[in-house]
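Novice: Below you'll find the structure I mean.
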2 protein chains.
Amino acid sequence: MTTTLRERLLGAESDFLFYGITPPKLLTDEERVREIAGKQIARISRLNVDALILYDLQDESARNSQPRPFPFIQTLQPDVYSRNYLSQLDIPKIIYKSVGKYQPSEFADWVANADNDISVFVGSPSVNQQVNMSLRDAYRIKNESNPDMVLGGVVIPERHLVKGDEHLRLFGKIDNGCRFFVSQCVYSVNHSLDFLSDYYYASKEQNRRMVPIIFTLTPCGSVKSLEFLNWLGIDVPRWLANELKNTSDILSMSIDSCCQTANTIYTFCKEKSIPVGFNIESVAIRKEEIEASAELVRSVAAMMGRK
Amino acid sequence: MTTTLRERLLGAESDFLFYGITPPKLLTDEERVREIAGKQIARISRLNVDALILYDLQDESARNSQPRPFPFIQTLQPDVYSRNYLSQLDIPKIIYKSVGKYQPSEFADWVANADNDISVFVGSPSVNQQVNMSLRDAYRIKNESNPDMVLGGVVIPERHLVKGDEHLRLFGKIDNGCRFFVSQCVYSVNHSLDFLSDYYYASKEQNRRMVPIIFTLTPCGSVKSLEFLNWLGIDVPRWLANELKNTSDILSMSIDSCCQTANTIYTFCKEKSIPVGFNIESVAIRKEEIEASAELVRSVAAMMGRK
């Protein structure tokens with residue numbers, strides 16, 4: 001009998017491997033969406049990952065007064081895209097919900113009738129952003145109307161650098177029902193270790209069971225993508241940014257860097273029995289970048305000793 | 001014909017290995033100083049290092065409003081100790097001079113008559129510290145009265161994190177005659193790589209020859225020593241500090257960490273042909289810590305492939 005992803009998450013097991021994508025743009029015509037979905041199904045089914053994450057993009061321009069390097073474009077809703085176009089892809093889907101976008105009644109309706117059983121709720125990227133609903137409201141609604149849904153949260157190692165309390169923030173979310181966490185894209189391994197270390201020692205001290213932490217890795221294919229990471233608040237160490245800007249093959253160098261990051265985090269977690277996993281994000285559209293993300297999945301799978 | 005250390009430094013060669021000590025306390029009686037020196041000579045002559053660094057401690061209490069974890073105690077002057085007690089140790093000595101401690105006339109006299117030919121001038125640790133002489137004055141006096149003395153400077157990767165201009169500061173010191181640099185003790189490898197990367201790319205851009213950068217590594221034998229590193233402004237990553245505080249063998253873990261730091265820096269420098277070296281600092285008095293520094297010398301020597 002195989003253990004389901006749901007059971008593995010609830011059992012706080014380790015060594016997860018996810019793949020993350022953004023749904024097609026909202027105004028893409030139906031035929032083109034089917035074509036994109038067909039290619040994604042073919043590609044992702046070969047990857048041997050435990051789940052597909054579907055992001056729910058929100059306009060984060062309140063996050064940063066600098067202009068966004070890439071324009072924000074609305075996409076299809078991740079659950080709608082998953083249900084209508086990806087049903088042939090026979091792996092669990094993890095649906096992101098940027099809760100601030102929804103009215104409480106609309107959200108309650110979705111939660112009660114959701115056909116996916118694993119979801120990650122995302123709060124507002126900035127206190128300056130106008131929201132319809134807070135993360136706290138979302139947790140309450142979910143716990144009342146669909147307690148069986150397995151809930152994930154977001155962890156941001158960069159926030160730990162600034163505030164030093166990301167592990168306590170996670171404890172609060174765990175108390176609200178979160179059973180796993182997915183990080184923002186990681187390029188600065190030290191921030192992740194800093195967070196993990198505090199998470200580990202505080203869990204021991206408070207006699208808490210640690211839940212899995214899934215670290216997101218994203219290949220970076222251009223200097224403009226690098227600027228976008230920066231805009232999103234992702235810390236790329238200065239030396240690495242210098243190298244990426246000066247190399248003739250930024251994509252290949254960024255994959256090497258992601259692999260090293262994964263390896264360092266994995267080794268650290270294994271020594272401390274922290275349940276861990278990785279999510280390879282493919283948010284780019286260029287063919288080489290999509291192939292690069294598949295290559296990264298294979299490398300990280302091999303590093304974790306997966307068949 | 002063997003190349004002297006002086007020639008190797010002036011030739012901007014690589015792979016230096018130094019050992020750094022603090023002279024005995026000023027009020028130690030003569031016999032005890034001879035005893036200490038005898039042990040140091042026996043120990044250091046077995047280490048196969050290129051030079052012995054002798055520090056010139058200064059009271060750095062203006063650096064930090066927090067109480068100093070260890071009291072500041074004056075020591076013998078490094079050149080006096082070297083000349084009177086370490087003459088049997090047949091390796092080059094590098095004499096530190098904390099220039100702010102000296103009157104210009106006294107300093108000029110020392111520079112003109114110095115019997116050592118390699119020295120590192122250190123400026124004030126804080127703008128709040130009262131000084132008799134600035135680094136700029138010291139450079140001028142040295143260049144006027146002893147241009148043949150090989151001059152080193154101090155590099156502080158942590159300062160690069162805050163100001164981002166440590167490489168430019170080095171260029172200024174190189175223009176004033178510095179032919180190599182020795183870092184403050186390094187526990188945060190990313191800051192060192194950040195500095196090295198900017199140093200490398202700016203040197204290429206300005207068509208400057210890079211001079212050797214010697215990174216200082218110090219075993220840490222107790223939680224109090226860790227607090228002292230922190231007091232000195234040395235950044236120990238949070239995760240590493242957690243580990244060091246929680247391990248049953250802090251000394252051995254800190255040596256492992258120093259070796260990894262050395263390896264990462266060395267690999268980075270070799271790929272870019274940055275002349276590099278290491279200085280193993282032994283500032284502790286406990287026997288295990290002194291032995292640990294010798295062990296670290298051997299490990300770093302092996303890592304660099306020295307015979």
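Chains: A, B, ... in order of the structure tokens. Residues: from 1 per chain. Ligands: from 1, in order shown.
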Using only C-alpha atoms, which residues sit within 12 Å of Arg43 of chain B once same-chain residues fewer than 6 positions away are excluded, as a PyMOL selection string?
Specialist: chain B and resi 19+21+36-37+49+52+86+89+282+287+290-291+293-295+297
Novice: Identify every residue of chain B that has at least one atom within 6 Å of any atom of chain A, counting only C-alpha atoms, and report the result as a PyMOL selection string.
Specialist: chain B and resi 193-194+197+238-239
Novice: Put those residues in a file: N, CA and C atoms, as a compact mmCIF listing (two decimals), in the first residue's frame.
Specialist:
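Saved file out03.txt follows:
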# COMPACT_ATOMS: atom_id res chain seq x y z
N LEU B 193 33.55 36.28 0.64
CA LEU B 193 33.36 36.10 -0.80
C LEU B 193 32.82 37.38 -1.43
N ASP B 194 31.91 38.06 -0.74
CA ASP B 194 31.38 39.32 -1.26
C ASP B 194 32.51 40.31 -1.48
N SER B 197 34.89 39.09 -4.35
CA SER B 197 34.28 39.24 -5.67
C SER B 197 34.37 40.68 -6.14
N ARG B 238 24.16 33.13 12.55
CA ARG B 238 23.28 32.72 13.65
C ARG B 238 23.23 31.20 13.81
N TRP B 239 23.12 30.50 12.67
CA TRP B 239 23.02 29.04 12.77
C TRP B 239 24.29 28.46 13.37
Novice: Contacts of segment 179-187 of chain B at 7 Å or less, counting only C-alpha atoms, minus same-chain residues fewer than 5 places along, as a PyMOL selection string?
Specialist: chain B and resi 9-10+150-156+174+211-218+234-236
Novice: Please give the complete set of residues from segment 25-189 of chain A that DSSP, run on the backbone, assigns to strand (DSSP E), formatted as a list in words.
Specialist: Ala51, Leu52, Ile53, Leu54, Lys93, Ile94, Ile95, Tyr96, Lys97, Ser98, Ile118, Ser119, Val120, Phe121, Val122, Val150, Leu151, Gly152, Gly153, Val154, Val155, Cys178, Arg179, Phe180, Phe181, Val182, Ser183, Gln184 and Cys185 of chain A
Novice: Pick from B:Gln103, B:Thr261, B:Gln206, B:Thr75: nearest to Ala138 of chain B, with only C-alpha atoms counted?
Specialist: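 The answer is B:Gln103, which sits nearest to Ala138 of chain B.
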Novice: Would you compute the distance between atom CA of Gln40 of chain B and atom CA of Ala114 of chain B? Give it in Å to one decimal.
Specialist: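 So the two atoms, atom CA of Gln40 of chain B and atom CA of Ala114 of chain B, lie 22.6 Å apart.
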Novice: Write out as a list in words the residues lying within 12 Å of Ser222 of chain B, counting only C-alpha atoms and excluding same-chain residues fewer than 2 positions away.
Specialist: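 Those residues are Pro69, Pro219, Cys220, Lys224, Ser225, Leu226, Glu227, Phe228, Leu229, Ala241, Leu244, Lys245, Asn246, Thr247, Ser248, Asp249, Ile250, Leu251, Ser252, Met253, Ser254, Ala284, Arg286, Glu288 and Glu289 of chain B.
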Novice: Would you output that residue set with N, CA and C atoms, as a CSV table (one decimal), in the first residue's frame?
Specialist:
chain,number,residue,atom,x,y,z
B,69,PRO,N,33.9,41.3,27.1
B,69,PRO,CA,33.8,40.0,27.8
B,69,PRO,C,35.1,39.6,28.6
B,219,PRO,N,40.3,29.3,16.1
B,219,PRO,CA,39.5,28.4,16.8
B,219,PRO,C,38.8,29.0,18.0
B,220,CYS,N,37.5,28.6,18.2
B,220,CYS,CA,36.8,29.2,19.3
B,220,CYS,C,36.5,28.1,20.3
B,224,LYS,N,32.1,31.9,25.9
B,224,LYS,CA,32.6,33.3,26.3
B,224,LYS,C,33.5,33.8,25.1
B,225,SER,N,34.3,33.0,24.5
B,225,SER,CA,35.1,33.4,23.4
B,225,SER,C,34.2,33.8,22.2
B,226,LEU,N,33.1,33.0,22.1
B,226,LEU,CA,32.1,33.4,21.0
B,226,LEU,C,31.5,34.8,21.3
B,227,GLU,N,31.2,35.0,22.5
B,227,GLU,CA,30.7,36.4,22.8
B,227,GLU,C,31.8,37.5,22.6
B,228,PHE,N,33.0,37.1,22.8
B,228,PHE,CA,34.1,38.1,22.5
B,228,PHE,C,34.2,38.3,21.0
B,229,LEU,N,34.1,37.3,20.2
B,229,LEU,CA,34.1,37.5,18.7
B,229,LEU,C,33.0,38.5,18.3
B,241,ALA,N,26.5,30.0,15.4
B,241,ALA,CA,26.5,30.4,16.8
B,241,ALA,C,25.6,29.4,17.6
B,244,LEU,N,27.4,26.1,17.9
B,244,LEU,CA,28.6,26.2,18.8
B,244,LEU,C,28.1,26.3,20.2
B,245,LYS,N,27.0,27.0,20.5
B,245,LYS,CA,26.5,27.0,21.9
B,245,LYS,C,25.9,25.7,22.3
B,246,ASN,N,25.5,24.9,21.4
B,246,ASN,CA,24.8,23.7,21.8
B,246,ASN,C,25.6,22.4,21.7
B,247,THR,N,26.8,22.5,21.1
B,247,THR,CA,27.6,21.3,20.9
B,247,THR,C,28.3,20.9,22.3
B,248,SER,N,28.7,19.7,22.4
B,248,SER,CA,29.5,19.3,23.5
B,248,SER,C,31.0,19.5,23.3
B,249,ASP,N,31.3,19.8,22.1
B,249,ASP,CA,32.8,20.0,21.8
B,249,ASP,C,32.9,21.3,20.8
B,250,ILE,N,32.8,22.4,21.4
B,250,ILE,CA,32.8,23.7,20.7
B,250,ILE,C,34.1,23.8,19.9
B,251,LEU,N,35.2,23.4,20.5
B,251,LEU,CA,36.5,23.6,19.9
B,251,LEU,C,36.6,22.9,18.6
B,252,SER,N,36.3,21.6,18.7
B,252,SER,CA,36.4,20.7,17.5
B,252,SER,C,35.4,21.2,16.4
B,253,MET,N,34.2,21.6,16.8
B,253,MET,CA,33.3,22.1,15.8
B,253,MET,C,33.8,23.4,15.2
B,254,SER,N,34.4,24.3,16.0
B,254,SER,CA,34.9,25.5,15.4
B,254,SER,C,36.0,25.3,14.4
B,284,ALA,N,44.4,32.4,22.5
B,284,ALA,CA,43.9,31.8,23.7
B,284,ALA,C,45.1,31.3,24.5
B,286,ARG,N,44.6,28.5,26.9
B,286,ARG,CA,44.4,27.1,27.3
B,286,ARG,C,45.1,26.2,26.4
B,288,GLU,N,44.4,23.2,25.2
B,288,GLU,CA,43.7,22.6,24.2
B,288,GLU,C,43.5,23.6,23.0
B,289,GLU,N,43.3,24.8,23.3
B,289,GLU,CA,43.1,25.8,22.3
B,289,GLU,C,44.4,26.0,21.5
Novice: Identify, with DSSP run on backbone atoms, the residues in segment 16-147 of chain B assigned to helix (DSSP H, G or I), and express the list as a ChimeraX atom specification.
Specialist: /B:30-45,61-63,78-85,99-101,104-113,135-145
Novice: What does the file look like for those residues with C-alpha atoms, as a PDB file, in the first residue's frame?
Specialist:
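Written out: result.pdb:
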ATOM      1  CA  GLU B  30      61.253  38.203  32.821  1.00  0.00           C
ATOM      2  CA  GLU B  31      61.768  34.543  33.650  1.00  0.00           C
ATOM      3  CA  ARG B  32      58.179  33.667  32.826  1.00  0.00           C
ATOM      4  CA  VAL B  33      58.421  35.549  29.513  1.00  0.00           C
ATOM      5  CA  ARG B  34      61.512  33.472  28.606  1.00  0.00           C
ATOM      6  CA  GLU B  35      59.599  30.320  29.496  1.00  0.00           C
ATOM      7  CA  ILE B  36      56.605  31.302  27.348  1.00  0.00           C
ATOM      8  CA  ALA B  37      58.908  32.274  24.474  1.00  0.00           C
ATOM      9  CA  GLY B  38      60.777  28.967  24.712  1.00  0.00           C
ATOM     10  CA  LYS B  39      57.555  26.996  24.401  1.00  0.00           C
ATOM     11  CA  GLN B  40      56.358  29.159  21.516  1.00  0.00           C
ATOM     12  CA  ILE B  41      59.661  28.749  19.662  1.00  0.00           C
ATOM     13  CA  ALA B  42      59.510  24.954  20.038  1.00  0.00           C
ATOM     14  CA  ARG B  43      55.891  24.812  18.978  1.00  0.00           C
ATOM     15  CA  ILE B  44      55.940  27.272  16.099  1.00  0.00           C
ATOM     16  CA  SER B  45      59.175  25.973  14.559  1.00  0.00           C
ATOM     17  CA  SER B  61      36.567  49.712  24.334  1.00  0.00           C
ATOM     18  CA  ALA B  62      35.512  52.743  22.258  1.00  0.00           C
ATOM     19  CA  ARG B  63      34.350  50.213  19.661  1.00  0.00           C
ATOM     20  CA  PRO B  78      55.483  42.963  19.506  1.00  0.00           C
ATOM     21  CA  ASP B  79      58.795  44.136  18.028  1.00  0.00           C
ATOM     22  CA  VAL B  80      60.457  44.188  21.444  1.00  0.00           C
ATOM     23  CA  TYR B  81      59.187  40.704  22.252  1.00  0.00           C
ATOM     24  CA  SER B  82      60.274  39.414  18.856  1.00  0.00           C
ATOM     25  CA  ARG B  83      63.766  40.908  19.082  1.00  0.00           C
ATOM     26  CA  ASN B  84      64.493  40.024  22.691  1.00  0.00           C
ATOM     27  CA  TYR B  85      62.834  36.648  23.017  1.00  0.00           C
ATOM     28  CA  VAL B  99      49.537  53.349  14.926  1.00  0.00           C
ATOM     29  CA  GLY B 100      47.089  55.409  16.991  1.00  0.00           C
ATOM     30  CA  LYS B 101      48.969  54.423  20.173  1.00  0.00           C
ATOM     31  CA  PRO B 104      54.508  60.643  15.434  1.00  0.00           C
ATOM     32  CA  SER B 105      58.136  61.250  16.524  1.00  0.00           C
ATOM     33  CA  GLU B 106      58.303  57.969  18.425  1.00  0.00           C
ATOM     34  CA  PHE B 107      56.742  56.156  15.460  1.00  0.00           C
ATOM     35  CA  ALA B 108      59.104  57.783  12.952  1.00  0.00           C
ATOM     36  CA  ASP B 109      62.031  56.697  15.076  1.00  0.00           C
ATOM     37  CA  TRP B 110      60.757  53.126  15.191  1.00  0.00           C
ATOM     38  CA  VAL B 111      60.092  52.956  11.455  1.00  0.00           C
ATOM     39  CA  ALA B 112      63.530  54.337  10.562  1.00  0.00           C
ATOM     40  CA  ASN B 113      65.332  51.846  12.787  1.00  0.00           C
ATOM     41  CA  LEU B 135      46.929  55.673   9.418  1.00  0.00           C
ATOM     42  CA  ARG B 136      47.541  58.330   6.777  1.00  0.00           C
ATOM     43  CA  ASP B 137      50.308  59.891   8.904  1.00  0.00           C
ATOM     44  CA  ALA B 138      51.827  56.453   9.456  1.00  0.00           C
ATOM     45  CA  TYR B 139      51.922  55.718   5.708  1.00  0.00           C
ATOM     46  CA  ARG B 140      53.581  59.053   5.022  1.00  0.00           C
ATOM     47  CA  ILE B 141      56.225  58.564   7.707  1.00  0.00           C
ATOM     48  CA  LYS B 142      56.956  55.018   6.528  1.00  0.00           C
ATOM     49  CA  ASN B 143      57.198  56.007   2.865  1.00  0.00           C
ATOM     50  CA  GLU B 144      59.567  58.846   3.731  1.00  0.00           C
ATOM     51  CA  SER B 145      61.848  57.120   6.197  1.00  0.00           C
TER      52      SER B 145
END
Novice: A:Val283, A:Ala262, A:Pro92, A:Asn132: which is nearest Val300 of chain A, counting only C-alpha atoms?
Specialist: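 Of A:Val283, A:Ala262, A:Pro92, A:Asn132, the one nearest Val300 of chain A, counting only C-alpha atoms, is A:Ala262.
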Novice: Kindly give the distance, in Å, that separates atom CA of Met149 of chain B and atom CA of Ser119 of chain B, rounded to a single decimal.
Specialist: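 Rounded to one decimal, the two atoms are 7.2 Å apart.
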Novice: Using Å and a single decimal, report how far atom CA of Glu7 of chain A sits from atom CA of Thr267 of chain A.
Specialist: 24.2 Å
